[in-house]
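J.: Sharing work_21.csv here; it has CSV, C-alpha atoms.
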chain,number,residue,atom,x,y,z
A,1,MET,CA,54.9,-138.4,94.2
A,2,ASN,CA,56.5,-135.0,94.0
A,3,VAL,CA,57.8,-133.0,96.9
A,4,ASP,CA,59.2,-129.4,97.4
A,5,TRP,CA,60.5,-127.5,100.4
A,6,SER,CA,59.2,-124.1,101.3
A,7,PRO,CA,62.0,-121.5,101.1
A,8,ASP,CA,62.0,-121.0,104.9
A,9,GLY,CA,62.4,-124.8,105.4
A,10,LYS,CA,59.3,-125.0,107.7
A,11,HIS,CA,57.0,-126.8,105.3
A,12,LEU,CA,57.0,-129.6,102.7
A,13,VAL,CA,54.4,-129.8,100.0
A,14,THR,CA,53.5,-133.0,98.3
A,15,SER,CA,51.5,-134.0,95.2
A,16,HIS,CA,50.4,-137.6,94.4
A,17,GLU,CA,48.3,-139.2,91.7
A,18,ASN,CA,45.6,-140.2,94.2
A,19,ASP,CA,45.7,-137.2,96.6
A,20,PRO,CA,45.5,-133.5,96.6
A,21,VAL,CA,48.5,-131.2,97.0
A,22,THR,CA,49.1,-131.2,100.8
A,23,PHE,CA,51.2,-129.1,103.2
A,24,TRP,CA,53.3,-130.7,106.0
A,25,PHE,CA,55.3,-129.4,108.9
A,26,ALA,CA,58.8,-130.4,108.0
A,27,LYS,CA,59.9,-130.6,111.6
A,28,TYR,CA,57.1,-132.8,112.9
A,29,GLY,CA,56.2,-134.8,109.8
A,30,ARG,CA,52.5,-134.1,110.1
A,31,ARG,CA,50.0,-132.2,108.0
A,32,ASP,CA,49.6,-128.5,108.6
A,33,LEU,CA,45.8,-128.3,109.1
A,34,SER,CA,45.8,-124.5,108.9
A,35,ILE,CA,46.6,-124.8,105.2
A,36,LEU,CA,43.9,-127.1,103.7
A,37,PRO,CA,44.8,-129.5,100.9
A,38,ILE,CA,44.0,-128.2,97.4
A,39,ALA,CA,41.2,-130.4,96.4
A,40,GLU,CA,41.4,-129.4,92.7
A,41,SER,CA,44.9,-130.6,92.5
A,42,ILE,CA,44.4,-134.4,92.8
A,43,GLY,CA,46.8,-136.1,90.4
A,44,ALA,CA,49.1,-133.1,90.0
A,45,ARG,CA,52.4,-134.0,88.4
A,46,SER,CA,54.7,-131.5,90.1
A,47,VAL,CA,54.7,-128.7,92.7
A,48,GLN,CA,57.1,-125.9,93.4
A,49,PHE,CA,57.2,-123.0,95.8
A,50,SER,CA,58.1,-119.5,94.6
A,51,ALA,CA,61.3,-117.9,96.0
A,52,ASP,CA,59.2,-115.9,98.5
A,53,GLY,CA,57.1,-118.9,99.5
A,54,GLN,CA,53.9,-117.0,98.8
A,55,GLN,CA,53.0,-118.9,95.6
A,56,LEU,CA,52.8,-122.5,94.6
A,57,LEU,CA,53.1,-123.7,91.0
A,58,ILE,CA,51.0,-126.8,90.3
A,59,ALA,CA,51.4,-128.7,87.1
A,60,GLY,CA,48.4,-130.9,86.3
A,61,PRO,CA,46.5,-133.0,86.9
A,62,GLU,CA,45.5,-132.6,83.2
A,63,SER,CA,47.0,-130.2,80.7
A,64,THR,CA,47.0,-127.1,82.8
A,65,THR,CA,49.4,-125.4,85.2
A,66,THR,CA,48.1,-123.1,87.9
A,67,VAL,CA,49.7,-120.6,90.3
A,68,TRP,CA,48.2,-120.8,93.7
A,69,HIS,CA,48.4,-118.2,96.6
A,70,VAL,CA,49.5,-120.3,99.5
A,71,VAL,CA,47.7,-118.5,102.3
A,72,ARG,CA,44.6,-117.4,100.4
A,73,ARG,CA,44.4,-120.9,98.8
A,74,GLN,CA,43.1,-119.6,95.5
A,75,PRO,CA,44.5,-119.4,92.0
A,76,ILE,CA,46.4,-116.4,90.8
A,77,GLY,CA,45.9,-115.4,87.1
A,78,PRO,CA,44.8,-117.7,84.3
A,79,GLN,CA,45.6,-121.4,83.9
A,80,LEU,CA,48.4,-122.1,81.6
A,81,ARG,CA,47.3,-124.7,79.0
A,82,GLN,CA,49.7,-126.9,77.0
A,83,ALA,CA,49.2,-129.8,74.6
A,84,GLY,CA,50.2,-133.2,75.8
A,85,LYS,CA,50.7,-134.8,79.2
A,86,LEU,CA,52.2,-132.3,81.6
A,87,LEU,CA,55.3,-133.5,83.4
A,88,ALA,CA,56.5,-130.5,85.3
A,89,ALA,CA,56.5,-126.7,85.8
A,90,TYR,CA,59.1,-124.4,87.1
A,91,PHE,CA,59.4,-120.8,88.3
A,92,VAL,CA,62.4,-119.6,86.3
A,93,PRO,CA,65.0,-118.2,88.8
A,94,ASP,CA,65.3,-114.4,88.9
A,95,THR,CA,62.6,-113.8,86.3
A,96,PRO,CA,58.8,-113.5,86.3
A,97,TRP,CA,58.7,-116.4,83.9
A,98,ILE,CA,57.2,-119.9,84.2
A,99,ALA,CA,58.4,-122.9,82.2
A,100,THR,CA,56.0,-125.8,81.6
A,101,ILE,CA,57.0,-129.1,80.2
A,102,SER,CA,54.8,-131.7,78.6
A,103,ASP,CA,55.7,-135.1,77.1
A,104,ARG,CA,55.8,-133.2,73.7
A,105,SER,CA,57.1,-129.7,74.3
A,106,VAL,CA,58.4,-126.9,76.4
A,107,ARG,CA,56.6,-123.6,76.8
A,108,LEU,CA,57.7,-120.3,78.4
A,109,TRP,CA,55.1,-118.0,80.0
A,110,ASP,CA,55.0,-114.6,81.6
A,111,GLY,CA,53.9,-115.3,85.1
A,112,ARG,CA,52.5,-111.8,85.5
A,113,ASP,CA,49.7,-112.1,82.9
A,114,GLY,CA,49.8,-115.8,81.8
A,115,LEU,CA,50.7,-115.0,78.2
A,116,PRO,CA,53.1,-117.3,76.3
A,117,LEU,CA,56.6,-115.9,75.5
A,118,GLY,CA,58.0,-116.9,72.2
A,119,PRO,CA,57.4,-120.1,70.3
A,120,GLU,CA,56.7,-123.5,71.8
A,121,TRP,CA,59.7,-125.8,71.6
A,122,PHE,CA,58.9,-129.3,70.4
A,123,CYS,CA,61.2,-132.2,71.3
A,124,PRO,CA,62.2,-134.6,68.5
A,125,SER,CA,61.4,-137.5,70.8
A,126,ARG,CA,58.9,-138.0,73.7
A,127,ILE,CA,60.0,-136.1,76.9
A,128,VAL,CA,60.2,-138.1,80.0
A,129,SER,CA,62.0,-135.9,82.6
A,130,ALA,CA,63.1,-132.3,83.2
A,131,ALA,CA,65.2,-130.3,85.7
A,132,MET,CA,65.9,-126.6,86.1
A,133,THR,CA,69.3,-125.1,87.2
A,134,LYS,CA,69.7,-121.9,89.2
A,135,ASP,CA,71.2,-120.2,86.1
A,136,GLN,CA,68.0,-120.7,84.0
A,137,VAL,CA,69.1,-123.7,82.0
A,138,LEU,CA,66.3,-126.3,81.5
A,139,ALA,CA,67.5,-129.9,81.0
A,140,ILE,CA,65.1,-132.2,79.1
A,141,GLY,CA,65.4,-136.0,79.1
A,142,ALA,CA,63.9,-137.8,76.1
A,143,VAL,CA,62.8,-141.4,75.7
A,144,ASP,CA,65.5,-141.9,73.0
A,145,GLY,CA,68.2,-141.3,75.6
A,146,ASN,CA,69.1,-137.8,74.6
A,147,VAL,CA,69.3,-134.8,76.9
A,148,HIS,CA,68.6,-131.3,75.6
A,149,ALA,CA,69.9,-128.3,77.5
A,150,ILE,CA,67.8,-125.2,76.9
A,151,PRO,CA,69.2,-121.9,78.2
A,152,LEU,CA,66.0,-120.1,78.9
A,153,HIS,CA,67.7,-116.7,79.2
A,154,GLU,CA,68.4,-116.9,75.5
A,155,TRP,CA,64.8,-117.9,74.6
A,156,LEU,CA,63.7,-114.4,73.8
A,157,THR,CA,67.0,-113.2,72.4
A,158,PRO,CA,66.2,-111.7,68.9
A,159,ALA,CA,67.4,-113.8,66.1
A,160,THR,CA,70.5,-112.4,64.5
A,161,GLY,CA,73.3,-113.6,62.3
A,162,SER,CA,73.9,-115.1,58.9
A,163,TRP,CA,71.1,-116.8,56.9
A,164,GLU,CA,72.6,-120.2,57.8
A,165,GLU,CA,72.4,-119.3,61.5
A,166,LEU,CA,68.9,-118.0,61.2
A,167,ARG,CA,67.9,-121.2,59.4
A,168,LEU,CA,69.5,-123.3,62.1
A,169,GLN,CA,67.6,-121.4,64.8
A,170,ALA,CA,64.3,-121.8,63.0
A,171,GLU,CA,64.9,-125.5,62.6
A,172,ILE,CA,65.9,-126.0,66.2
A,173,VAL,CA,62.8,-124.1,67.6
A,174,SER,CA,60.4,-125.8,65.3
A,175,SER,CA,62.1,-129.3,65.4
A,176,GLN,CA,61.6,-129.4,61.6
A,177,ARG,CA,64.0,-129.0,58.7
A,178,PHE,CA,63.4,-127.1,55.6
A,179,ALA,CA,63.1,-129.3,52.5
A,180,GLU,CA,62.6,-127.8,49.0
A,181,THR,CA,58.8,-127.7,49.2
A,182,SER,CA,58.0,-128.9,52.7
A,183,LEU,CA,59.0,-129.2,56.3
A,184,VAL,CA,60.3,-132.5,57.6
A,185,PRO,CA,60.4,-133.4,61.3
A,186,LEU,CA,63.9,-133.6,62.7
A,187,ARG,CA,65.2,-136.8,64.2
A,188,SER,CA,66.9,-136.4,67.6
A,189,GLY,CA,70.4,-136.8,66.1
A,190,GLU,CA,69.6,-134.1,63.5
A,191,TRP,CA,68.3,-131.7,66.1
A,192,LEU,CA,71.4,-132.2,68.3
A,193,GLU,CA,73.7,-131.7,65.3
A,194,ARG,CA,72.1,-128.4,64.5
A,195,TRP,CA,72.3,-127.3,68.1
A,196,GLN,CA,76.0,-128.1,68.2
A,197,ARG,CA,76.6,-126.3,65.0
A,198,LEU,CA,74.8,-123.2,66.2
A,199,ARG,CA,76.7,-123.2,69.5
A,200,CYS,CA,80.1,-123.4,67.9
Mind converting the file's structure to structure tokens?
T.:
Amino acid sequence: MNVDWSPDGKHLVTSHENDPVTFWFAKYGRRDLSILPIAESIGARSVQFSADGQQLLIAGPESTTTVWHVVRRQPIGPQLRQAGKLLAAYFVPDTPWIATISDRSVRLWDGRDGLPLGPEWFCPSRIVSAAMTKDQVLAIGAVDGNVHAIPLHEWLTPATGSWEELRLQAEIVSSQRFAETSLVPLRSGEWLERWQRLRC
């Protein structure tokens, strides 16, 4: 089950693998029947209110993320599709962006038109959890025990620097290293080592 508070603190919204996304009165612990459950959302993996409480971000139940208008109870814009099993989706604080996380990758979207922003980031190991900070850093937990911190405000920063820095950036984003004649997938330790070198 996944739960989120409305910004005004009056409602809770829940998602569950066997039930649709449902709205509850936080004070009384009972369903708000004026906002019908979203039938299409049975099995949703995560839910999150927008900062103004007017929109709800629903990840799943399959490989799509949908923005719903809370009062009108209808989708806003196109569905955001991503390969793999969706785990979570977040409104990125203080931006119009949406971050979606599957068990394979992270994708950043423009919430205004539903278009992807920049390349998809592939994790060297299977992703099992995610969390977003208020300062736009996405933490990704992988099955190999590593945690990757991705500063989303730097996601779209133009690549600059020396050839070595540009190569490191490309290898981090693609999760592959450049061999003489081919690309080789990075192991988690190699990815982390490149990230640390780039941040120094």
J.: If I take CA of Thr100 (chain A) and CA of Ile42 (chain A), how far is one from the other in Å, to one decimal?
T.: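 CA of Thr100 (chain A) sits 18.3 Å away from CA of Ile42 (chain A).
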J.: With distances taken over all atoms listed in the file, which of A:Leu117, A:Ala83, A:Ala44, A:Ile101 is nearest to Ala139 (chain A)?
T.: A:Ile101
J.: Taking only residues of region 10-128 of chain A that have an atom at most 12 Å from an atom of region 170-184 of chain A, what is each one's shortest atom pair and its distance in Å to one decimal, using only C-alpha atoms, in chain and number order, as JSON lines?
T.:
{"residue": "A:Arg104", "atom": "CA", "partner": "A:Ser175", "partner_atom": "CA", "distance": 11.1}
{"residue": "A:Ser105", "atom": "CA", "partner": "A:Ser175", "partner_atom": "CA", "distance": 10.2}
{"residue": "A:Val106", "atom": "CA", "partner": "A:Val173", "partner_atom": "CA", "distance": 10.2}
{"residue": "A:Arg107", "atom": "CA", "partner": "A:Val173", "partner_atom": "CA", "distance": 11.1}
{"residue": "A:Gly118", "atom": "CA", "partner": "A:Val173", "partner_atom": "CA", "distance": 9.8}
{"residue": "A:Pro119", "atom": "CA", "partner": "A:Val173", "partner_atom": "CA", "distance": 7.2}
{"residue": "A:Glu120", "atom": "CA", "partner": "A:Val173", "partner_atom": "CA", "distance": 7.4}
{"residue": "A:Trp121", "atom": "CA", "partner": "A:Val173", "partner_atom": "CA", "distance": 5.3}
{"residue": "A:Phe122", "atom": "CA", "partner": "A:Ser175", "partner_atom": "CA", "distance": 5.9}
{"residue": "A:Cys123", "atom": "CA", "partner": "A:Ser175", "partner_atom": "CA", "distance": 6.6}
{"residue": "A:Pro124", "atom": "CA", "partner": "A:Ser175", "partner_atom": "CA", "distance": 6.1}
{"residue": "A:Ser125", "atom": "CA", "partner": "A:Ser175", "partner_atom": "CA", "distance": 9.8}
J.: Determine, using all atoms listed in the file, which residues of region 71-127 of chain A have any atom at most 10 Å from an atom of region 50-58 of chain A, and tabulate each with its shortest atom pair and distance in Å to one decimal place, rows ordered by chain and then rising number, as CSV.
T.:
residue,atom,partner,partner_atom,distance
A:Val71,CA,A:Gln54,CA,7.3
A:Arg72,CA,A:Gln54,CA,9.4
A:Arg73,CA,A:Gln55,CA,9.4
A:Gln74,CA,A:Gln55,CA,9.9
A:Pro75,CA,A:Leu56,CA,9.2
A:Ile76,CA,A:Gln55,CA,8.5
A:Gln79,CA,A:Ile58,CA,10.0
A:Ala88,CA,A:Ile58,CA,8.3
A:Ala89,CA,A:Leu57,CA,6.9
A:Tyr90,CA,A:Leu57,CA,7.2
A:Phe91,CA,A:Ser50,CA,6.6
A:Val92,CA,A:Ser50,CA,9.3
A:Pro93,CA,A:Ala51,CA,8.1
A:Asp94,CA,A:Ala51,CA,8.9
A:Ile98,CA,A:Leu57,CA,8.8
J.: Rounded to one decimal place, report the CA of Glu17 (chain A)-CA of Pro61 (chain A) distance in Å.
T.: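 Straight-line distance from CA of Glu17 (chain A) to CA of Pro61 (chain A) works out to 8.0 Å.
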J.: Could you add the missing atoms to region 3-24 of chain A, up to N, CA, C and O atoms, and return them as a short mmCIF file (atom, residue, chain, number, x, y, z; two decimals), in the coordinates of the input?
T.:
data_model
loop_
_atom_site.label_atom_id
_atom_site.label_comp_id
_atom_site.auth_asym_id
_atom_site.auth_seq_id
_atom_site.Cartn_x
_atom_site.Cartn_y
_atom_site.Cartn_z
N VAL A 3 57.67 -133.66 95.60
CA VAL A 3 57.80 -133.00 96.90
C VAL A 3 58.65 -131.69 96.67
O VAL A 3 59.56 -131.66 95.83
N ASP A 4 58.33 -130.64 97.43
CA ASP A 4 59.20 -129.40 97.40
C ASP A 4 59.18 -128.84 98.82
O ASP A 4 58.21 -128.92 99.57
N TRP A 5 60.33 -128.23 99.16
CA TRP A 5 60.50 -127.50 100.40
C TRP A 5 60.04 -126.08 100.28
O TRP A 5 60.26 -125.46 99.24
N SER A 6 59.46 -125.53 101.32
CA SER A 6 59.20 -124.10 101.30
C SER A 6 60.56 -123.39 101.54
O SER A 6 61.48 -123.95 102.13
N PRO A 7 60.71 -122.16 101.03
CA PRO A 7 62.00 -121.50 101.10
C PRO A 7 62.49 -121.30 102.58
O PRO A 7 63.69 -121.28 102.82
N ASP A 8 61.56 -121.18 103.55
CA ASP A 8 62.00 -121.00 104.90
C ASP A 8 62.28 -122.37 105.62
O ASP A 8 62.68 -122.41 106.78
N GLY A 9 62.07 -123.47 104.90
CA GLY A 9 62.40 -124.80 105.40
C GLY A 9 61.37 -125.33 106.43
O GLY A 9 61.57 -126.41 106.98
N LYS A 10 60.27 -124.62 106.65
CA LYS A 10 59.30 -125.00 107.70
C LYS A 10 58.25 -126.01 107.14
O LYS A 10 57.64 -126.74 107.91
N HIS A 11 58.03 -125.99 105.84
CA HIS A 11 57.00 -126.80 105.30
C HIS A 11 57.51 -127.67 104.11
O HIS A 11 58.46 -127.30 103.43
N LEU A 12 56.85 -128.80 103.94
CA LEU A 12 57.00 -129.60 102.70
C LEU A 12 55.61 -129.57 102.04
O LEU A 12 54.57 -129.51 102.71
N VAL A 13 55.62 -129.63 100.73
CA VAL A 13 54.40 -129.80 100.00
C VAL A 13 54.50 -130.99 99.12
O VAL A 13 55.57 -131.26 98.55
N THR A 14 53.44 -131.79 99.05
CA THR A 14 53.50 -133.00 98.30
C THR A 14 52.33 -133.07 97.29
O THR A 14 51.25 -132.53 97.53
N SER A 15 52.59 -133.74 96.17
CA SER A 15 51.50 -134.00 95.20
C SER A 15 51.61 -135.53 94.90
O SER A 15 52.68 -136.13 94.91
N HIS A 16 50.45 -136.11 94.62
CA HIS A 16 50.40 -137.60 94.40
C HIS A 16 49.21 -137.82 93.44
O HIS A 16 48.23 -137.07 93.42
N GLU A 17 49.32 -138.88 92.66
CA GLU A 17 48.30 -139.20 91.70
C GLU A 17 46.91 -139.42 92.29
O GLU A 17 45.89 -139.24 91.63
N ASN A 18 46.87 -139.84 93.56
CA ASN A 18 45.60 -140.20 94.20
C ASN A 18 45.17 -139.17 95.28
O ASN A 18 44.12 -139.35 95.90
N ASP A 19 46.00 -138.16 95.55
CA ASP A 19 45.70 -137.20 96.60
C ASP A 19 45.90 -135.79 96.19
O ASP A 19 46.64 -135.51 95.24
N PRO A 20 45.25 -134.86 96.90
CA PRO A 20 45.50 -133.50 96.60
C PRO A 20 46.81 -132.96 97.07
O PRO A 20 47.45 -133.61 97.90
N VAL A 21 47.23 -131.83 96.54
CA VAL A 21 48.50 -131.20 97.00
C VAL A 21 48.24 -130.87 98.52
O VAL A 21 47.24 -130.29 98.92
N THR A 22 49.21 -131.28 99.34
CA THR A 22 49.10 -131.20 100.80
C THR A 22 50.30 -130.57 101.42
O THR A 22 51.43 -130.81 100.96
N PHE A 23 50.10 -129.77 102.47
CA PHE A 23 51.20 -129.10 103.20
C PHE A 23 51.49 -129.84 104.47
O PHE A 23 50.59 -130.28 105.19
N TRP A 24 52.79 -129.96 104.78
CA TRP A 24 53.30 -130.70 106.00
C TRP A 24 54.22 -129.84 106.75
O TRP A 24 54.99 -129.06 106.18
#
